[in-house]
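Novice: Below is the structure I would like to discuss, written out as C-alpha cells.
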Amino acid sequence: MLEAEHRCLLLHSVKPACHCSSLKGQEVMLRWVLFALFFGICASAGKQKGKQAAKSKSPDLSRGWGHSIKWVKSYSDGLAEMVQSQKPLMVIHHKEDCPHSQALKKAFVANKSIMKMAREDFIMLNLVGESGDKNLAPDGFYVPRILFVDPTLMVRTDIQGKFRDHLYTYEPADVEALANNMRKAKVLMHLDL
C-alpha cells in the first residue's frame with residue numbers, strides 16, 4: 001500500500017509539474033508576443049516622429065519677418081505667384097548678421113499695418129543674399145533693400161525710401177514711409193493694369 005501511495009503522490013507531483021511547465025511555456029509565449037507587439041508599436045511611433053521631424057525641419061521662410069505671412073521660396077516662385085494672383089511682389093534683401101537688417105525686421109514685424117498688407121495684398125519674398133536678377137539692384141547691392149515688382153514684371157524703381165545714396169533702404173524709423181510705399185505699390189499696380 002505504501003508503494004501505491006508513493007506512486008499516487010509521485011503521479012500527483014508529476015502532473016502539477018507538467019501542468020506548471022505548460023503554463024510557463026504559455027507565459028513565455030505571451031511575453032514574447034507582448035514584446036513583439038510593444039516593439040512594433042515603438043517602431044511605428046518612431047517612424048511617425050521621424051516624419052514629423054522632417055516636416056518641422058522644413059526651412060522657415062519667414063526668417064523672423066512675420067510668421068503669419070505666406071512667404072515664397074524663391075524669386076522665380078514669387079514672379080509666378082505674382083502673375084497668377086495679380087498682386088505685387090515685395091522683395092526684401094537682408095542678411096542675418098547685419099544689425100541694420102535685424103533692426104528693420106523688428107520694426108517691420110511690430111507694425112500692424114505693414115503686417116496686414118503683407119499678408120493680404122502682396123506676394124512676399126525675403127532673401128538672405130541676392131536673387132541673381134540685376135533689375136533688383138538698380139542702385140547697387142546692399143542690405144537692407146526693399147523693392148516692389150508689379151504683375152507686368154516691372155520692377156518699381158519709382159517707389160523709393162528717403163536716402164539718395166541707397167534709394168531702396170529703410171531704417172526702423174522709416175516704417176511709416178515703407179507702409180506708404182506699400183500702399184503706392186498696391187494702388188499704382190491697379191492703375192497700371
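We name chains A, B, ... following the order of the C-alpha cells; residues begin at 1 in each chain, and ligands are numbered from 1 as shown.
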Pull the closest atom pair for each residue of region 95-162 of chain A that gets at most 7 Å from region 169-178 of chain A, along with the distance in Å to one decimal, counting only C-alpha atoms, ordering rows by chain and then ascending residue number, as a tab-separated table.
Specialist:
```
residue	atom	partner	partner_atom	distance
A:Ala103	CA	A:Pro172	CA	6.1
A:Leu104	CA	A:Pro172	CA	4.8
A:Ala107	CA	A:Pro172	CA	5.3
A:Phe108	CA	A:Val175	CA	6.6
A:Pro144	CA	A:Thr169	CA	5.6
A:Arg145	CA	A:Thr169	CA	4.6
A:Ile146	CA	A:Thr169	CA	6.2
A:Gly161	CA	A:Thr169	CA	5.9
```
Novice: Taking 4 positions as the minimum chain separation for residues in the same chain, which residues sit within 10 Å of Tyr142 (chain A) when counting only C-alpha atoms? Answer as a PyMOL selection string.
Specialist: chain A and resi 93-95+129-130+137+166+168-169
Novice: Among region 57-147 of chain A, which residues does DSSP mark as alpha helix (DSSP H) when it is run on the backbone? Keep the chain and numbering as in the structure and answer as a PyMOL selection string.
Specialist: chain A and resi 75-85+99-110+112-120
Novice: Counting only C-alpha atoms, figure out which residue out of A:Asp60, A:Asp158, A:Glu96, A:Glu120 gets nearest to Val143 (chain A).
Specialist: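 Of all the options, A:Glu96 lies closest to Val143 (chain A).
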Novice: Any idea what's packed within 10 Å of Lys116 (chain A), counting only C-alpha atoms, ignoring anything in its chain fewer than 6 positions away? Could you give it as JSON, numbers by chain?
Specialist: {"A": [68, 69, 122]}
Novice: Please provide as a PDB file with all heavy atoms, in the first residue's frame all residues within 8 Å of region 181-186 of chain A, with the sequence filter that same-chain residues fewer than 4 positions apart are discarded (counting only C-alpha atoms).
Specialist:
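Writing done, so here's around-v7.pdb:
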```pdb
ATOM      1  N   LYS A  87      -1.161  90.197 -57.668  1.00  0.00           N
ATOM      2  CA  LYS A  87      -0.742  91.003 -56.522  1.00  0.00           C
ATOM      3  C   LYS A  87       0.716  91.371 -56.740  1.00  0.00           C
ATOM      4  O   LYS A  87       1.483  90.595 -57.302  1.00  0.00           O
ATOM      5  CB  LYS A  87      -0.854  90.206 -55.217  1.00  0.00           C
ATOM      6  CG  LYS A  87      -2.267  89.893 -54.800  1.00  0.00           C
ATOM      7  CD  LYS A  87      -2.243  89.095 -53.495  1.00  0.00           C
ATOM      8  CE  LYS A  87      -3.637  88.763 -53.033  1.00  0.00           C
ATOM      9  NZ  LYS A  87      -3.597  87.986 -51.772  1.00  0.00           N
ATOM     10  N   PRO A  88       1.146  92.550 -56.270  1.00  0.00           N
ATOM     11  CA  PRO A  88       2.560  92.916 -56.424  1.00  0.00           C
ATOM     12  C   PRO A  88       3.450  92.034 -55.544  1.00  0.00           C
ATOM     13  O   PRO A  88       3.026  91.500 -54.530  1.00  0.00           O
ATOM     14  CB  PRO A  88       2.607  94.377 -55.974  1.00  0.00           C
ATOM     15  CG  PRO A  88       1.405  94.570 -55.127  1.00  0.00           C
ATOM     16  CD  PRO A  88       0.369  93.604 -55.610  1.00  0.00           C
ATOM     17  N   ILE A 114       1.705  97.271 -41.759  1.00  0.00           N
ATOM     18  CA  ILE A 114       2.605  96.587 -42.688  1.00  0.00           C
ATOM     19  C   ILE A 114       2.312  95.087 -42.701  1.00  0.00           C
ATOM     20  O   ILE A 114       2.228  94.469 -43.763  1.00  0.00           O
ATOM     21  CB  ILE A 114       4.078  96.866 -42.331  1.00  0.00           C
ATOM     22  CG1 ILE A 114       4.441  98.301 -42.740  1.00  0.00           C
ATOM     23  CG2 ILE A 114       5.011  95.858 -42.981  1.00  0.00           C
ATOM     24  CD1 ILE A 114       5.845  98.730 -42.358  1.00  0.00           C
ATOM     25  N   MET A 117      -0.979  94.371 -44.635  1.00  0.00           N
ATOM     26  CA  MET A 117      -0.808  94.490 -46.089  1.00  0.00           C
ATOM     27  C   MET A 117       0.045  93.343 -46.635  1.00  0.00           C
ATOM     28  O   MET A 117      -0.256  92.795 -47.696  1.00  0.00           O
ATOM     29  CB  MET A 117      -0.173  95.840 -46.456  1.00  0.00           C
ATOM     30  CG  MET A 117      -1.145  96.999 -46.388  1.00  0.00           C
ATOM     31  SD  MET A 117      -0.437  98.528 -47.055  1.00  0.00           S
ATOM     32  CE  MET A 117       0.683  99.006 -45.746  1.00  0.00           C
ATOM     33  N   ASP A 121      -2.165  91.683 -49.301  1.00  0.00           N
ATOM     34  CA  ASP A 121      -2.085  92.399 -50.577  1.00  0.00           C
ATOM     35  C   ASP A 121      -0.825  92.137 -51.395  1.00  0.00           C
ATOM     36  O   ASP A 121      -0.704  92.673 -52.502  1.00  0.00           O
ATOM     37  CB  ASP A 121      -2.182  93.908 -50.309  1.00  0.00           C
ATOM     38  CG  ASP A 121      -3.465  94.271 -49.568  1.00  0.00           C
ATOM     39  OD1 ASP A 121      -4.506  93.686 -49.881  1.00  0.00           O
ATOM     40  OD2 ASP A 121      -3.392  95.136 -48.673  1.00  0.00           O
ATOM     41  N   PHE A 148       9.709  96.586 -55.074  1.00  0.00           N
ATOM     42  CA  PHE A 148       8.402  96.069 -55.453  1.00  0.00           C
ATOM     43  C   PHE A 148       8.424  95.728 -56.940  1.00  0.00           C
ATOM     44  O   PHE A 148       9.036  96.432 -57.740  1.00  0.00           O
ATOM     45  CB  PHE A 148       7.317  97.119 -55.186  1.00  0.00           C
ATOM     46  CG  PHE A 148       7.232  97.516 -53.734  1.00  0.00           C
ATOM     47  CD1 PHE A 148       7.935  98.619 -53.261  1.00  0.00           C
ATOM     48  CD2 PHE A 148       6.474  96.777 -52.843  1.00  0.00           C
ATOM     49  CE1 PHE A 148       7.876  98.986 -51.932  1.00  0.00           C
ATOM     50  CE2 PHE A 148       6.408  97.136 -51.506  1.00  0.00           C
ATOM     51  CZ  PHE A 148       7.105  98.242 -51.043  1.00  0.00           C
ATOM     52  N   ASP A 150       5.639  94.677 -60.067  1.00  0.00           N
ATOM     53  CA  ASP A 150       4.210  94.549 -60.343  1.00  0.00           C
ATOM     54  C   ASP A 150       3.949  93.359 -61.277  1.00  0.00           C
ATOM     55  O   ASP A 150       4.884  92.816 -61.860  1.00  0.00           O
ATOM     56  CB  ASP A 150       3.610  95.857 -60.849  1.00  0.00           C
ATOM     57  CG  ASP A 150       4.004  96.223 -62.258  1.00  0.00           C
ATOM     58  OD1 ASP A 150       4.403  95.341 -63.034  1.00  0.00           O
ATOM     59  OD2 ASP A 150       3.887  97.402 -62.602  1.00  0.00           O
ATOM     60  N   ARG A 156       9.495  98.217 -59.734  1.00  0.00           N
ATOM     61  CA  ARG A 156       9.018  99.576 -59.467  1.00  0.00           C
ATOM     62  C   ARG A 156      10.135 100.422 -58.875  1.00  0.00           C
ATOM     63  O   ARG A 156      10.185 100.680 -57.686  1.00  0.00           O
ATOM     64  CB  ARG A 156       7.816  99.505 -58.529  1.00  0.00           C
ATOM     65  CG  ARG A 156       6.621  98.736 -59.101  1.00  0.00           C
ATOM     66  CD  ARG A 156       6.068  99.381 -60.370  1.00  0.00           C
ATOM     67  NE  ARG A 156       5.782 100.783 -60.179  1.00  0.00           N
ATOM     68  CZ  ARG A 156       4.597 101.258 -59.775  1.00  0.00           C
ATOM     69  NH1 ARG A 156       3.594 100.443 -59.587  1.00  0.00           N
ATOM     70  NH2 ARG A 156       4.431 102.548 -59.601  1.00  0.00           N
ATOM     71  N   ILE A 159       9.345 103.636 -56.654  1.00  0.00           N
ATOM     72  CA  ILE A 159       8.937 103.564 -55.242  1.00  0.00           C
ATOM     73  C   ILE A 159      10.208 103.429 -54.409  1.00  0.00           C
ATOM     74  O   ILE A 159      10.826 102.366 -54.363  1.00  0.00           O
ATOM     75  CB  ILE A 159       7.963 102.391 -55.004  1.00  0.00           C
ATOM     76  CG1 ILE A 159       6.720 102.572 -55.874  1.00  0.00           C
ATOM     77  CG2 ILE A 159       7.594 102.305 -53.531  1.00  0.00           C
ATOM     78  CD1 ILE A 159       5.733 101.435 -55.790  1.00  0.00           C
ATOM     79  N   GLN A 160      10.570 104.547 -53.753  1.00  0.00           N
ATOM     80  CA  GLN A 160      11.868 104.635 -53.082  1.00  0.00           C
ATOM     81  C   GLN A 160      11.730 105.076 -51.635  1.00  0.00           C
ATOM     82  O   GLN A 160      10.723 105.677 -51.249  1.00  0.00           O
ATOM     83  CB  GLN A 160      12.751 105.654 -53.808  1.00  0.00           C
ATOM     84  CG  GLN A 160      12.955 105.343 -55.269  1.00  0.00           C
ATOM     85  CD  GLN A 160      13.646 106.473 -56.022  1.00  0.00           C
ATOM     86  OE1 GLN A 160      13.904 107.556 -55.474  1.00  0.00           O
ATOM     87  NE2 GLN A 160      13.946 106.225 -57.288  1.00  0.00           N
ATOM     88  N   ALA A 177       7.031 105.301 -43.799  1.00  0.00           N
ATOM     89  CA  ALA A 177       7.347 105.538 -45.216  1.00  0.00           C
ATOM     90  C   ALA A 177       7.247 104.225 -45.996  1.00  0.00           C
ATOM     91  O   ALA A 177       6.750 104.195 -47.127  1.00  0.00           O
ATOM     92  CB  ALA A 177       8.747 106.132 -45.361  1.00  0.00           C
ATOM     93  N   HIS A 190      -2.766  98.656 -59.586  1.00  0.00           N
ATOM     94  CA  HIS A 190      -4.117  98.551 -60.119  1.00  0.00           C
ATOM     95  C   HIS A 190      -4.374  99.582 -61.213  1.00  0.00           C
ATOM     96  O   HIS A 190      -5.072  99.291 -62.190  1.00  0.00           O
ATOM     97  CB  HIS A 190      -5.152  98.693 -59.003  1.00  0.00           C
ATOM     98  CG  HIS A 190      -5.164  97.511 -58.075  1.00  0.00           C
ATOM     99  ND1 HIS A 190      -5.546  96.262 -58.469  1.00  0.00           N
ATOM    100  CD2 HIS A 190      -4.796  97.398 -56.778  1.00  0.00           C
ATOM    101  CE1 HIS A 190      -5.434  95.428 -57.455  1.00  0.00           C
ATOM    102  NE2 HIS A 190      -4.980  96.091 -56.425  1.00  0.00           N
TER     103      HIS A 190
END
```
